[in-house]
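Containing PDB, C-alpha atoms, pLDDT in the B column: data-v9.pdb.
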```
ATOM      1  CA  MET L 184     236.231 122.166 378.710  1.00 44.00           C
ATOM      2  CA  MET L 185     239.045 121.307 376.318  1.00 45.00           C
ATOM      3  CA  ALA L 186     240.125 124.967 376.307  1.00 48.00           C
ATOM      4  CA  LEU L 187     240.333 125.004 380.109  1.00 45.00           C
ATOM      5  CA  PHE L 188     242.303 121.741 380.079  1.00 39.00           C
ATOM      6  CA  LEU L 189     244.817 123.128 377.586  1.00 42.00           C
ATOM      7  CA  LEU L 190     245.032 126.369 379.570  1.00 50.00           C
ATOM      8  CA  SER L 191     245.816 124.476 382.774  1.00 46.00           C
ATOM      9  CA  ILE L 192     248.612 122.560 381.026  1.00 38.00           C
ATOM     10  CA  ALA L 193     250.062 125.779 379.596  1.00 46.00           C
ATOM     11  CA  ILE L 194     250.017 127.406 383.023  1.00 46.00           C
ATOM     12  CA  SER L 195     251.705 124.435 384.661  1.00 42.00           C
ATOM     13  CA  PHE L 196     254.624 124.460 382.234  1.00 39.00           C
ATOM     14  CA  ALA L 197     254.930 128.110 381.233  1.00 42.00           C
ATOM     15  CA  THR L 198     255.141 129.450 384.765  1.00 41.00           C
ATOM     16  CA  ILE L 199     257.923 127.071 385.832  1.00 36.00           C
ATOM     17  CA  ALA L 200     260.322 129.270 383.918  1.00 38.00           C
ATOM     18  CA  GLU L 201     259.157 132.403 385.732  1.00 40.00           C
ATOM     19  CA  ASP L 202     261.483 134.091 388.187  1.00 38.00           C
ATOM     20  CA  ASN L 203     261.003 132.113 391.395  1.00 37.00           C
ATOM     21  CA  ASP L 204     261.617 135.238 393.471  1.00 37.00           C
ATOM     22  CA  VAL L 205     258.450 136.815 392.118  1.00 43.00           C
ATOM     23  CA  GLY L 206     255.707 136.369 394.696  1.00 50.00           C
ATOM     24  CA  ARG L 207     257.862 134.086 396.843  1.00 53.00           C
ATOM     25  CA  ASP L 208     256.200 135.371 400.021  1.00 86.00           C
ATOM     26  CA  LEU L 209     252.676 134.996 398.666  1.00 93.00           C
ATOM     27  CA  GLU L 210     250.290 132.115 399.230  1.00 96.00           C
ATOM     28  CA  ILE L 211     247.432 130.855 397.081  1.00 96.00           C
ATOM     29  CA  GLY L 212     244.321 132.832 397.980  1.00 97.00           C
ATOM     30  CA  ASP L 213     246.107 136.010 399.089  1.00 97.00           C
ATOM     31  CA  ILE L 214     244.042 139.102 398.296  1.00 97.00           C
ATOM     32  CA  LEU L 215     245.898 141.799 396.352  1.00 96.00           C
ATOM     33  CA  LEU L 216     244.889 145.463 396.439  1.00 95.00           C
ATOM     34  CA  PHE L 217     245.926 147.738 393.572  1.00 90.00           C
ATOM     35  CA  GLN L 218     246.404 151.480 393.271  1.00 82.00           C
ATOM     36  CA  ASN L 219     247.031 152.994 389.850  1.00 73.00           C
ATOM     37  CA  LYS L 220     249.699 155.643 389.391  1.00 69.00           C
ATOM     38  CA  ILE L 221     249.276 159.093 387.866  1.00 64.00           C
ATOM     39  CA  GLY L 222     249.350 158.879 384.081  1.00 61.00           C
ATOM     40  CA  GLU L 223     248.313 155.225 383.889  1.00 60.00           C
ATOM     41  CA  PRO L 224     245.208 154.162 381.902  1.00 56.00           C
ATOM     42  CA  PHE L 225     242.713 153.861 384.764  1.00 57.00           C
ATOM     43  CA  TYR L 226     244.087 156.492 387.132  1.00 64.00           C
ATOM     44  CA  TRP L 227     240.792 158.376 386.757  1.00 64.00           C
ATOM     45  CA  LEU L 228     239.086 155.449 388.513  1.00 59.00           C
ATOM     46  CA  ASP L 229     241.459 155.819 391.477  1.00 63.00           C
ATOM     47  CA  TRP L 230     240.676 159.515 391.616  1.00 71.00           C
ATOM     48  CA  LEU L 231     236.922 158.933 391.408  1.00 68.00           C
ATOM     49  CA  LEU L 232     236.863 156.224 394.103  1.00 64.00           C
ATOM     50  CA  GLN L 233     239.128 158.231 396.397  1.00 68.00           C
ATOM     51  CA  ASN L 234     237.144 161.441 396.114  1.00 69.00           C
ATOM     52  CA  ALA L 235     233.647 159.953 395.981  1.00 70.00           C
ATOM     53  CA  PHE L 236     233.910 157.173 398.555  1.00 70.00           C
ATOM     54  CA  GLY L 237     237.200 157.790 400.337  1.00 71.00           C
ATOM     55  CA  CYS L 238     238.841 154.735 398.715  1.00 78.00           C
ATOM     56  CA  LYS L 239     242.595 154.270 398.402  1.00 82.00           C
ATOM     57  CA  PHE L 240     242.386 151.322 395.999  1.00 86.00           C
ATOM     58  CA  SER L 241     240.816 150.829 392.585  1.00 82.00           C
ATOM     59  CA  HIS L 242     241.155 147.066 392.039  1.00 88.00           C
ATOM     60  CA  VAL L 243     241.346 143.791 393.953  1.00 93.00           C
ATOM     61  CA  ALA L 244     242.381 140.317 392.781  1.00 96.00           C
ATOM     62  CA  ILE L 245     243.585 136.937 394.084  1.00 97.00           C
ATOM     63  CA  TYR L 246     247.025 135.335 393.961  1.00 97.00           C
ATOM     64  CA  TRP L 247     246.444 132.057 392.101  1.00 96.00           C
ATOM     65  CA  GLY L 248     249.908 130.562 392.548  1.00 94.00           C
ATOM     66  CA  ASN L 249     252.632 129.898 389.959  1.00 92.00           C
ATOM     67  CA  ASN L 250     253.314 133.661 389.883  1.00 93.00           C
ATOM     68  CA  LEU L 251     249.831 134.263 388.480  1.00 95.00           C
ATOM     69  CA  ILE L 252     247.068 136.643 389.541  1.00 96.00           C
ATOM     70  CA  ILE L 253     243.416 136.016 388.717  1.00 96.00           C
ATOM     71  CA  GLY L 254     240.796 138.738 388.819  1.00 94.00           C
ATOM     72  CA  ALA L 255     237.914 140.451 387.041  1.00 92.00           C
ATOM     73  CA  GLY L 256     238.887 143.467 384.942  1.00 85.00           C
ATOM     74  CA  GLY L 257     238.058 145.145 381.665  1.00 80.00           C
ATOM     75  CA  LYS L 258     238.637 141.892 379.750  1.00 83.00           C
ATOM     76  CA  GLY L 259     236.550 139.848 382.168  1.00 89.00           C
ATOM     77  CA  VAL L 260     237.920 137.190 384.502  1.00 93.00           C
ATOM     78  CA  ASN L 261     241.481 136.514 383.406  1.00 94.00           C
ATOM     79  CA  PHE L 262     245.053 135.784 384.465  1.00 95.00           C
ATOM     80  CA  SER L 263     247.960 138.223 384.644  1.00 92.00           C
ATOM     81  CA  LEU L 264     251.611 137.664 385.516  1.00 93.00           C
ATOM     82  CA  MET L 265     252.684 138.718 388.987  1.00 88.00           C
ATOM     83  CA  LYS L 266     255.935 140.223 387.721  1.00 83.00           C
ATOM     84  CA  GLN L 267     254.020 142.535 385.364  1.00 80.00           C
ATOM     85  CA  GLU L 268     251.922 144.061 388.149  1.00 79.00           C
ATOM     86  CA  THR L 269     253.658 147.045 389.720  1.00 78.00           C
ATOM     87  CA  ASN L 270     250.614 148.627 391.376  1.00 83.00           C
ATOM     88  CA  ILE L 271     250.021 146.126 394.187  1.00 90.00           C
ATOM     89  CA  THR L 272     250.273 148.130 397.398  1.00 88.00           C
ATOM     90  CA  ARG L 273     248.584 145.925 400.028  1.00 93.00           C
ATOM     91  CA  ILE L 274     248.304 142.160 400.501  1.00 95.00           C
ATOM     92  CA  LEU L 275     245.724 140.476 402.734  1.00 96.00           C
ATOM     93  CA  ARG L 276     245.523 136.842 403.825  1.00 97.00           C
ATOM     94  CA  TYR L 277     242.908 134.558 405.328  1.00 96.00           C
ATOM     95  CA  PRO L 278     245.050 132.671 407.889  1.00 94.00           C
ATOM     96  CA  GLY L 279     242.761 129.654 408.184  1.00 91.00           C
ATOM     97  CA  LEU L 280     242.713 128.808 404.470  1.00 95.00           C
ATOM     98  CA  THR L 281     243.440 125.064 404.167  1.00 96.00           C
ATOM     99  CA  GLU L 282     245.359 123.386 401.357  1.00 97.00           C
ATOM    100  CA  LYS L 283     242.151 121.729 400.194  1.00 97.00           C
ATOM    101  CA  GLN L 284     240.391 125.100 400.064  1.00 97.00           C
ATOM    102  CA  LYS L 285     243.305 126.639 398.163  1.00 97.00           C
ATOM    103  CA  GLN L 286     243.144 123.990 395.456  1.00 97.00           C
ATOM    104  CA  LYS L 287     239.362 124.254 395.264  1.00 96.00           C
ATOM    105  CA  MET L 288     239.713 128.026 394.977  1.00 96.00           C
ATOM    106  CA  ARG L 289     242.104 127.584 392.049  1.00 96.00           C
ATOM    107  CA  ALA L 290     239.685 125.233 390.295  1.00 96.00           C
ATOM    108  CA  ASN L 291     236.613 127.362 390.959  1.00 94.00           C
ATOM    109  CA  SER L 292     238.249 130.569 389.763  1.00 94.00           C
ATOM    110  CA  MET L 293     239.526 128.889 386.588  1.00 92.00           C
ATOM    111  CA  ALA L 294     236.010 127.639 385.874  1.00 92.00           C
ATOM    112  CA  VAL L 295     234.747 131.221 385.431  1.00 91.00           C
ATOM    113  CA  ILE L 296     237.607 132.490 383.256  1.00 93.00           C
ATOM    114  CA  GLY L 297     236.150 134.567 380.449  1.00 92.00           C
ATOM    115  CA  THR L 298     233.126 135.737 382.447  1.00 91.00           C
ATOM    116  CA  PRO L 299     232.688 139.284 381.132  1.00 90.00           C
ATOM    117  CA  TYR L 300     232.986 142.553 382.998  1.00 83.00           C
ATOM    118  CA  PRO L 301     229.702 144.528 383.114  1.00 81.00           C
ATOM    119  CA  ASP L 302     228.895 146.489 379.960  1.00 79.00           C
ATOM    120  CA  ILE L 303     228.124 150.201 379.937  1.00 79.00           C
ATOM    121  CA  ARG L 304     224.407 149.692 380.700  1.00 80.00           C
ATOM    122  CA  GLU L 305     225.161 147.548 383.742  1.00 77.00           C
ATOM    123  CA  LEU L 306     227.773 150.033 384.978  1.00 76.00           C
ATOM    124  CA  ILE L 307     225.199 152.816 384.724  1.00 78.00           C
ATOM    125  CA  GLU L 308     222.709 150.666 386.655  1.00 77.00           C
ATOM    126  CA  MET L 309     225.352 150.041 389.310  1.00 74.00           C
ATOM    127  CA  GLY L 310     226.037 153.774 389.553  1.00 76.00           C
ATOM    128  CA  LEU L 311     222.339 154.550 389.942  1.00 77.00           C
ATOM    129  CA  THR L 312     221.970 151.981 392.717  1.00 74.00           C
ATOM    130  CA  PHE L 313     225.084 153.252 394.498  1.00 73.00           C
ATOM    131  CA  LEU L 314     223.637 156.753 394.452  1.00 74.00           C
ATOM    132  CA  LYS L 315     220.342 155.464 395.831  1.00 73.00           C
ATOM    133  CA  TYR L 316     221.737 153.522 398.772  1.00 68.00           C
ATOM    134  CA  PHE L 317     225.148 155.016 399.584  1.00 71.00           C
ATOM    135  CA  THR L 318     226.460 158.476 400.415  1.00 74.00           C
ATOM    136  CA  ILE L 319     229.162 160.140 398.349  1.00 76.00           C
ATOM    137  CA  GLU L 320     231.613 161.829 400.716  1.00 72.00           C
ATOM    138  CA  ASN L 321     232.564 164.632 398.328  1.00 74.00           C
ATOM    139  CA  PRO L 322     229.691 167.201 398.104  1.00 79.00           C
ATOM    140  CA  PHE L 323     230.751 168.436 394.654  1.00 77.00           C
ATOM    141  CA  LEU L 324     230.839 164.922 393.175  1.00 76.00           C
ATOM    142  CA  GLU L 325     227.518 164.122 394.818  1.00 75.00           C
ATOM    143  CA  ALA L 326     225.983 167.211 393.221  1.00 80.00           C
ATOM    144  CA  ILE L 327     227.116 166.307 389.694  1.00 80.00           C
ATOM    145  CA  ALA L 328     226.905 162.512 389.880  1.00 78.00           C
ATOM    146  CA  LYS L 329     223.131 162.200 390.015  1.00 79.00           C
ATOM    147  CA  PRO L 330     222.457 164.420 386.951  1.00 85.00           C
ATOM    148  CA  ILE L 331     225.211 162.654 384.984  1.00 82.00           C
ATOM    149  CA  PHE L 332     223.930 159.156 385.748  1.00 79.00           C
ATOM    150  CA  SER L 333     220.321 160.238 385.194  1.00 84.00           C
ATOM    151  CA  LEU L 334     221.249 161.614 381.771  1.00 86.00           C
ATOM    152  CA  ALA L 335     223.149 158.434 380.942  1.00 83.00           C
ATOM    153  CA  ALA L 336     220.154 156.348 382.011  1.00 82.00           C
ATOM    154  CA  PHE L 337     217.888 158.426 379.755  1.00 85.00           C
ATOM    155  CA  ILE L 338     220.258 158.042 376.789  1.00 86.00           C
ATOM    156  CA  PHE L 339     220.476 154.260 377.222  1.00 81.00           C
ATOM    157  CA  GLY L 340     216.794 153.846 378.028  1.00 82.00           C
ATOM    158  CA  ILE L 341     217.319 152.527 381.569  1.00 77.00           C
ATOM    159  CA  ASN L 342     214.344 152.557 383.921  1.00 71.00           C
ATOM    160  CA  GLN L 343     215.488 154.120 387.197  1.00 60.00           C
ATOM    161  CA  GLU L 344     212.374 153.227 389.189  1.00 54.00           C
ATOM    162  CA  ASN L 345     212.996 150.589 391.856  1.00 42.00           C
ATOM    163  CA  ARG L 346     216.139 149.445 390.067  1.00 43.00           C
ATOM    164  CA  ILE L 347     218.227 147.042 392.189  1.00 42.00           C
ATOM    165  CA  PHE L 348     221.363 145.984 390.319  1.00 41.00           C
ATOM    166  CA  THR L 349     222.460 142.378 390.540  1.00 43.00           C
ATOM    167  CA  ASN L 350     224.710 140.450 388.176  1.00 42.00           C
ATOM    168  CA  LEU L 351     224.379 137.020 389.745  1.00 38.00           C
ATOM    169  CA  ASN L 352     221.859 134.644 388.191  1.00 38.00           C
ATOM    170  CA  SER L 353     221.008 131.907 390.688  1.00 36.00           C
ATOM    171  CA  SER L 354     220.384 129.269 388.028  1.00 37.00           C
ATOM    172  CA  ASP L 355     222.990 130.096 385.398  1.00 43.00           C
ATOM    173  CA  GLY L 356     225.886 131.300 387.583  1.00 53.00           C
ATOM    174  CA  TRP L 357     227.771 134.500 386.847  1.00 58.00           C
ATOM    175  CA  GLN L 358     226.551 136.561 383.915  1.00 79.00           C
ATOM    176  CA  THR L 359     228.993 139.393 384.533  1.00 83.00           C
ATOM    177  CA  VAL L 360     231.278 140.126 387.463  1.00 86.00           C
ATOM    178  CA  ILE L 361     233.233 143.040 388.954  1.00 86.00           C
ATOM    179  CA  CYS L 362     236.571 142.647 390.747  1.00 90.00           C
ATOM    180  CA  THR L 363     235.276 142.890 394.326  1.00 90.00           C
ATOM    181  CA  GLU L 364     232.421 140.477 393.725  1.00 89.00           C
ATOM    182  CA  PHE L 365     234.792 137.986 392.082  1.00 93.00           C
ATOM    183  CA  VAL L 366     237.050 137.898 395.151  1.00 94.00           C
ATOM    184  CA  PHE L 367     234.139 137.724 397.608  1.00 92.00           C
ATOM    185  CA  ARG L 368     232.356 134.916 395.760  1.00 91.00           C
ATOM    186  CA  THR L 369     235.566 132.953 395.153  1.00 94.00           C
ATOM    187  CA  PHE L 370     236.067 132.775 398.916  1.00 95.00           C
ATOM    188  CA  GLU L 371     232.379 132.014 399.354  1.00 92.00           C
ATOM    189  CA  SER L 372     232.714 129.085 396.926  1.00 93.00           C
ATOM    190  CA  VAL L 373     235.145 127.324 399.292  1.00 95.00           C
ATOM    191  CA  GLY L 374     232.986 127.855 402.357  1.00 94.00           C
ATOM    192  CA  ILE L 375     234.477 131.131 403.601  1.00 93.00           C
ATOM    193  CA  GLU L 376     232.024 133.979 404.055  1.00 85.00           C
ATOM    194  CA  LEU L 377     233.662 137.350 404.511  1.00 83.00           C
ATOM    195  CA  LYS L 378     231.078 139.069 406.684  1.00 72.00           C
ATOM    196  CA  SER L 379     229.883 142.337 405.187  1.00 66.00           C
ATOM    197  CA  GLN L 380     226.967 144.724 405.582  1.00 65.00           C
ATOM    198  CA  LYS L 381     227.030 145.235 401.819  1.00 66.00           C
ATOM    199  CA  THR L 382     226.002 142.765 399.140  1.00 65.00           C
ATOM    200  CA  PRO L 383     228.898 141.545 396.940  1.00 64.00           C
ATOM    201  CA  ASP L 384     227.626 143.722 394.079  1.00 63.00           C
ATOM    202  CA  PHE L 385     228.416 146.870 396.057  1.00 73.00           C
ATOM    203  CA  LEU L 386     231.715 146.077 397.714  1.00 83.00           C
ATOM    204  CA  LEU L 387     234.602 148.472 397.169  1.00 84.00           C
ATOM    205  CA  PRO L 388     238.263 147.341 397.185  1.00 89.00           C
ATOM    206  CA  ASP L 389     238.870 149.117 400.505  1.00 88.00           C
ATOM    207  CA  ASP L 390     236.101 147.098 402.169  1.00 89.00           C
ATOM    208  CA  PHE L 391     238.432 144.089 402.321  1.00 93.00           C
ATOM    209  CA  LEU L 392     240.604 146.006 404.789  1.00 91.00           C
ATOM    210  CA  ARG L 393     237.651 146.036 407.194  1.00 88.00           C
ATOM    211  CA  TYR L 394     237.324 142.264 407.489  1.00 89.00           C
ATOM    212  CA  SER L 395     238.644 141.164 410.876  1.00 87.00           C
ATOM    213  CA  SER L 396     239.211 137.640 409.484  1.00 91.00           C
ATOM    214  CA  LEU L 397     241.893 138.937 407.080  1.00 94.00           C
ATOM    215  CA  THR L 398     245.448 139.831 408.148  1.00 94.00           C
ATOM    216  CA  GLU L 399     247.919 142.005 406.295  1.00 94.00           C
ATOM    217  CA  VAL L 400     251.024 140.448 404.741  1.00 93.00           C
ATOM    218  CA  GLU L 401     254.079 142.655 405.214  1.00 82.00           C
TER     219      GLU L 401
END
```

Take the structure in the file and give it back as structure tokens.
Amino acid sequence: MMALFLLSIAISFATIAEDNDVGRDLEIGDILLFQNKIGEPFYWLDWLLQNAFGCKFSHVAIYWGNNLIIGAGGKGVNFSLMKQETNITRILRYPGLTEKQKQKMRANSMAVIGTPYPDIRELIEMGLTFLKYFTIENPFLEAIAKPIFSLAAFIFGINQENRIFTNLNSSDGWQTVICTEFVFRTFESVGIELKSQKTPDFLLPDDFLRYSSLTEVE
């Protein structure tokens, strides 16, 4: 608790000095969609999502205010500076978000800072479940994905029978979290349910474009 208190103080003072033009058109709770560029560290993820599931985006996060972004990535739930992010290509907004909900969203998202990203075993389990319930649009990737994930499951001793991946523990809160689930559940925590046919565990960044309750910020 003390660490979170000190972090909140640091954010309040450190970000005052940030360039006020950065994110001037953004509002707390805006959803940010990212697309990596060729040659950048996780460009392969863009390529995989685009070719396997027809996705244009590889990451999604929330504008926290004070020129800060909060999201779930390789280092878990964490902050990043808006001015350092050059790969944001689309911005979505929930028009009915109240000031009270915005402040609650800030508090709720800060409360889960440090929640880890899934480890390799969980990512393999996610891949296996995706392959079981969803169709890969690219025939070549579909042909090689199942053997690759099956081999990985064998190597890591993962039981593939009736495996339904979930990383939300109802009694203990988040154990691990992926970027799409973090955004979905952050909105859910302030009473906003983004209607989806998928469970939060299986959302893709592009799925947020399909919510009629969200509008695009130009």

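For the residues L:Ala255, L:Ile307, L:Leu392, L:Val400, ranking by smallest atom-to-atom distance to Val295 in chain L using only C-alpha atoms places L:Ala255 first.
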
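Nearest-residue note for Cys238 in chain L: choosing from L:Ser263, L:Thr312, L:Asn321, L:Thr281, the minimum distance belongs to L:Asn321, counting all atoms listed in the file.
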
Query raised in the report: the PyMOL selection byres ((chain L and resi 369-378) around 8) on the file shown: which residues, as a ChimeraX atom specification?
Result: /L:284,287-288,291-292,365-368,379-380,394,396

Same residues, C-alpha atoms, saved as a PDB file, in the coordinates of the input:
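Produced file part-v7.pdb, reproduced below:
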```pdb
ATOM      1  CA  GLN L 284     240.391 125.100 400.064  1.00 97.00           C
ATOM      2  CA  LYS L 287     239.362 124.254 395.264  1.00 96.00           C
ATOM      3  CA  MET L 288     239.713 128.026 394.977  1.00 96.00           C
ATOM      4  CA  ASN L 291     236.613 127.362 390.959  1.00 94.00           C
ATOM      5  CA  SER L 292     238.249 130.569 389.763  1.00 94.00           C
ATOM      6  CA  PHE L 365     234.792 137.986 392.082  1.00 93.00           C
ATOM      7  CA  VAL L 366     237.050 137.898 395.151  1.00 94.00           C
ATOM      8  CA  PHE L 367     234.139 137.724 397.608  1.00 92.00           C
ATOM      9  CA  ARG L 368     232.356 134.916 395.760  1.00 91.00           C
ATOM     10  CA  SER L 379     229.883 142.337 405.187  1.00 66.00           C
ATOM     11  CA  GLN L 380     226.967 144.724 405.582  1.00 65.00           C
ATOM     12  CA  TYR L 394     237.324 142.264 407.489  1.00 89.00           C
ATOM     13  CA  SER L 396     239.211 137.640 409.484  1.00 91.00           C
TER      14      SER L 396
END
```

Query raised in the report: Hey, can you check how far CA of Ala235 in chain L sits from CA of Ala328 in chain L?
Result: 9.4 Å

Report summary line: Among L:Ala244, L:Met265, L:Ala336, L:Ile214, Ile303 in chain L is approached most closely, using all atoms listed in the file, by L:Ala336

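Closest to Ile338 in chain L among L:Phe313, L:Arg304, L:Leu386, L:Thr269 is L:Arg304, based on all atoms listed in the file.
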